[in-house]
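Peer 1: The structure that follows is given in the form of structure tokens.
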Amino acid sequence: MAVSQEVASSRPQEDQGTIAATGGHSQGRMPHPVMMMLFIILAAAALTYLVPSGEYARGPDKLVVPGTFHTVPKAYGLDALLTPHKSGSQQAFPASIPGVALSIPAGMAATANLIFMVMFSGGMFGVLRASGALDAGVSRLVEVARGNAYVLVPILMAVISAGATFLGMISEFLVVIPVMVVLAERLGLAPLFAVAVVTVAAKIGYLASVTNPVALLIAQPIAGVPAFSGMGLRLAVYLAFMALGMLYVMRYLRRVGYRVPAVAPTGGRLSRRHAGVLSLLALAMAVIPYGGLELGWGNRELGAFYIVLAILISAAGGLSGARAAEAFTEGMKSMMLAGILVGLASAVETVLKDGLVLDTIIHAFASVADERSPLLVAQSLTGVEMALDVLIPSTSGKAAVSLPILAPIAQMSGVSGQLTVMAFLFGNGLTNMVTPTSGMLLAYLAAARVSYAAWMRFVLPLWGVLVALSLAIMALAVVF
């Protein structure tokens, strides 16, 4: 406890960035996250009136068949506005007022497994927090590091980014956010620090995707290159971008006036119960990637795993059944906003698909890269994938829709399959750092109670540099 008090005393007294980062004072400048998502859904509905409807044929693997795009006649009028209709290959309809409302439960249903996984992870951490092991473990970590955030940042970010770039972990890191929030409290820092450590590391790791099976096993075969090939360039990008990300987060520490406290080690040890609970948590963190890679776990299996883990933690931590159930329920409540935002983000894609305008947008984007020089094609591919990521945040979904169209264009223009995949990864990773249609980004922010406005103020300078570097790398790769 003495260690925590000493570290907390280093909190800057006049840190305006920290105040804004808590989310409490920035809500007056930006709409509530739920309202912001509703505005985006309405904007998507407006696109169904402004953009002609059309679609590609799809094969049995659900991949788009290049060269099969055709427009679909669209019915406008009062009936289309007031009555929900199902669009088909012969007749399309814009979003109706009831259809927009129905898209929200449809989006919730489409992402139900993810929503419940998010909420069950919150329940598990509620039980973990109630056991006292989390606070005790973080206090011990701070003591070992002498309260030095400059030591902790590169270590934590290296571990998190490695999970993303080598194993394809991203939603799994949602459970790390509460730990980082507690660590930020111990260091006298705002929750924005917690989000920055996890999100910058995870998103950059996913952007590089050195051996990320989620992205590469889908994208590379479509682009006509062997899975996991060409990792040399991706590894170089990962190392360079992660070094930049670490420096940026540590620059934030200096900017907010963080000072390394003088912490005298007490030599204290964790209790047996706390050590047992934390050992159980460490084992669980090793089981999660194994389950995903070897056992094919999805969000449903992860949700069930968090329930079982909560039961085991409550037993190891000596919690009564009633206390554990109460803690689990409270933890789920803390993730309610994150779950709602995930569902609302999915509703955006639902509206665009129902109006048959998503394929039209992709077809228009593809024409931007068609019949240009290799240098311009490489740059255009990156820009197209960045734009598509706003509409289709799903990595696998975007690969299945865009790469069958863009890969042949790139090949005919002299851009290799490896660079096509690199453009896909850049576009996917860069936009996912900032787009409000990324349900997982919003879930990260909601879990730490950091506003979207505060996150954008923090990350935009770094994002701009990463975009410029990505475009420069694509250009250099084409030339050399």
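In the structure tokens, each chain is lettered A, B, ... as it comes, each chain's residues begin at 1, and ligands are numbered from 1 in order of appearance.
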Find the residues of stretch 290-371 of chain A that sit at most 12 Å from stretch 426-436 of chain A; for each, write down the nearest two atoms and how far apart they are in Å, to one decimal. Count only C-alpha atoms. Sort by chain, then by number going up, and give it as a tab-separated table.

Peer 2:
```
residue	atom	partner	partner_atom	distance
A:Leu341	CA	A:Pro436	CA	9.4
A:Val342	CA	A:Pro436	CA	10.2
A:Leu344	CA	A:Pro436	CA	10.3
A:Ala345	CA	A:Pro436	CA	7.8
A:Ser346	CA	A:Pro436	CA	11.2
A:Val348	CA	A:Pro436	CA	10.7
```

Peer 1: Could you turn the residues from that selection into a file that holds N, CA, C and O atoms, as a short mmCIF file (atom, residue, chain, number, x, y, z; two decimals), in the first residue's frame?

Peer 2:
```cif
data_model
loop_
_atom_site.label_atom_id
_atom_site.label_comp_id
_atom_site.auth_asym_id
_atom_site.auth_seq_id
_atom_site.Cartn_x
_atom_site.Cartn_y
_atom_site.Cartn_z
N LEU A 341 -21.81 -0.98 -28.56
CA LEU A 341 -21.07 -0.34 -29.65
C LEU A 341 -20.63 -1.35 -30.70
O LEU A 341 -20.63 -1.05 -31.90
N VAL A 342 -20.27 -2.55 -30.29
CA VAL A 342 -19.90 -3.60 -31.25
C VAL A 342 -21.09 -3.91 -32.15
O VAL A 342 -20.97 -4.02 -33.37
N LEU A 344 -23.74 -1.96 -32.79
CA LEU A 344 -24.07 -0.81 -33.62
C LEU A 344 -23.10 -0.68 -34.80
O LEU A 344 -23.50 -0.29 -35.91
N ALA A 345 -21.83 -0.98 -34.57
CA ALA A 345 -20.86 -0.94 -35.67
C ALA A 345 -21.22 -1.95 -36.75
O ALA A 345 -21.09 -1.69 -37.95
N SER A 346 -21.71 -3.11 -36.35
CA SER A 346 -22.13 -4.12 -37.32
C SER A 346 -23.36 -3.68 -38.09
O SER A 346 -23.55 -4.07 -39.25
N VAL A 348 -23.97 -0.84 -39.34
CA VAL A 348 -23.57 -0.01 -40.48
C VAL A 348 -23.39 -0.88 -41.72
O VAL A 348 -23.92 -0.59 -42.80
#
```

Peer 1: Write down as JSON, numbers by chain the residues of stretch 244-471 of chain A whose backbone DSSP state falls under helix (DSSP H, G or I).

Peer 2: {"A": [244, 245, 246, 247, 248, 249, 250, 251, 252, 253, 254, 255, 272, 273, 274, 275, 276, 277, 278, 279, 280, 281, 282, 283, 284, 285, 286, 287, 288, 289, 290, 291, 292, 293, 294, 299, 300, 301, 302, 303, 304, 305, 306, 307, 308, 309, 310, 311, 312, 313, 314, 315, 316, 321, 322, 323, 324, 325, 326, 327, 328, 329, 330, 331, 332, 333, 334, 336, 337, 338, 339, 340, 341, 342, 343, 344, 345, 346, 347, 348, 349, 350, 351, 352, 353, 354, 358, 359, 360, 361, 362, 363, 364, 365, 366, 367, 368, 369, 374, 375, 376, 377, 378, 379, 380, 381, 382, 383, 384, 385, 386, 387, 388, 389, 390, 391, 395, 396, 397, 398, 399, 400, 401, 402, 403, 404, 405, 406, 407, 408, 409, 410, 411, 412, 417, 418, 419, 420, 421, 422, 423, 424, 425, 426, 427, 428, 429, 430, 431, 432, 439, 440, 441, 442, 443, 444, 445, 446, 447, 448, 452, 453, 454, 455, 456, 457, 458, 459, 460, 461, 462, 463, 464, 465, 466, 467, 468, 469, 470, 471]}

Peer 1: With a distance cut-off of 10 Å and only C-alpha atoms, select the neighbouring residues of stretch 218-224 of chain A, excluding the residue or stretch itself and same-chain residues fewer than 3 positions from it, and output the selection as JSON, numbers by chain.

Peer 2: {"A": [63, 213, 214, 215, 227, 228, 229, 230, 395, 396, 397, 398, 399, 400, 402, 403, 404, 405, 406, 407, 408, 410, 411, 416, 417, 418, 419, 420, 421, 422, 424, 425]}

Peer 1: Just the residues within 7 Å of stretch 175-187 of chain A, please, counting only C-alpha atoms, with nothing from its chain fewer than 4 positions along; format it as JSON, numbers by chain.

Peer 2: {"A": [4, 7, 8, 121, 135, 138, 139, 147, 191, 193, 194, 195, 198, 444, 447, 448]}

Peer 1: Give me the residues within 9 Å of A:Phe305 as a list in words, counting only C-alpha atoms and dropping any in the same chain fewer than 6 places off.

Peer 2: Phe120, Ala284 and Ile288 of chain A

Peer 1: I'd like the neighbourhood of A:Gln91 as a list in words, where a residue qualifies if any of its atoms comes within 8 Å (using only C-alpha atoms), though same-chain residues fewer than 6 positions away should be ignored.

Peer 2: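 In the requested format, the answer is Val72, Pro73, Lys74 and Ala75 of chain A.
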
Peer 1: Which residue out of A:Arg234, A:Arg323, A:His363, A:His85 has the minimum interatomic distance to A:Leu102 when only C-alpha atoms are used?

Peer 2: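 Selected residue with least distance to A:Leu102: A:His85.
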
Peer 1: Out of A:Ala475, A:Val465, A:Val357, A:Met332, which residue has the shortest atom-to-atom distance to A:His70 when counting only C-alpha atoms?

Peer 2: A:Val357

Peer 1: Measuring atom to atom with only C-alpha atoms, identify which of A:Ser314, A:Thr329, A:Asn148, A:Ser470 is nearest to A:Leu381.

Peer 2: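 Among the listed residues, the smallest separation from A:Leu381 belongs to A:Ser470.
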
Peer 1: Between A:Leu270, A:Val64, A:Ile204, A:Val478, which one has atoms that come closest to A:Ala240, using only C-alpha atoms?

Peer 2: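 Closest residue, counting only C-alpha atoms: A:Ile204.
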
Peer 1: Could you tell me how far atom CA of A:Gly245 lies from atom CA of A:Leu281, in Å and to one decimal?

Peer 2: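 Spanning atom CA of A:Gly245 to atom CA of A:Leu281 is a straight-line distance of 27.1 Å.
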
Peer 1: Would you mind listing what lies within 12 Å of A:Glu349 as a VMD selection string, with only C-alpha atoms counted and same-chain residues fewer than 6 positions away left out?

Peer 2: chain A and resid 37 40 to 45 47 to 48 100 103 to 104 106 to 108 110 to 111 342 to 343 355 to 359 388 to 394 397 to 398 437 to 439

Peer 1: Could you find all residues in stretch 65-227 of chain A that DSSP calls strand (DSSP E or B) from the backbone, and write them as a PyMOL selection string?

Peer 2: chain A and resi 70-71+74+92

Peer 1: With only C-alpha atoms as the basis for distance, which of A:Gly257, A:Gly205, A:Gly168, A:Gly132 is at the shortest distance from A:Gly188?

Peer 2: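 Among the listed residues, A:Gly257 lies closest to A:Gly188.
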
Peer 1: Counting only C-alpha atoms, which of A:Phe480, A:Phe458, A:Phe93, A:Trp463 gets nearest to A:Phe241?

Peer 2: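 The shortest atom-to-atom distance to A:Phe241 comes from A:Trp463.
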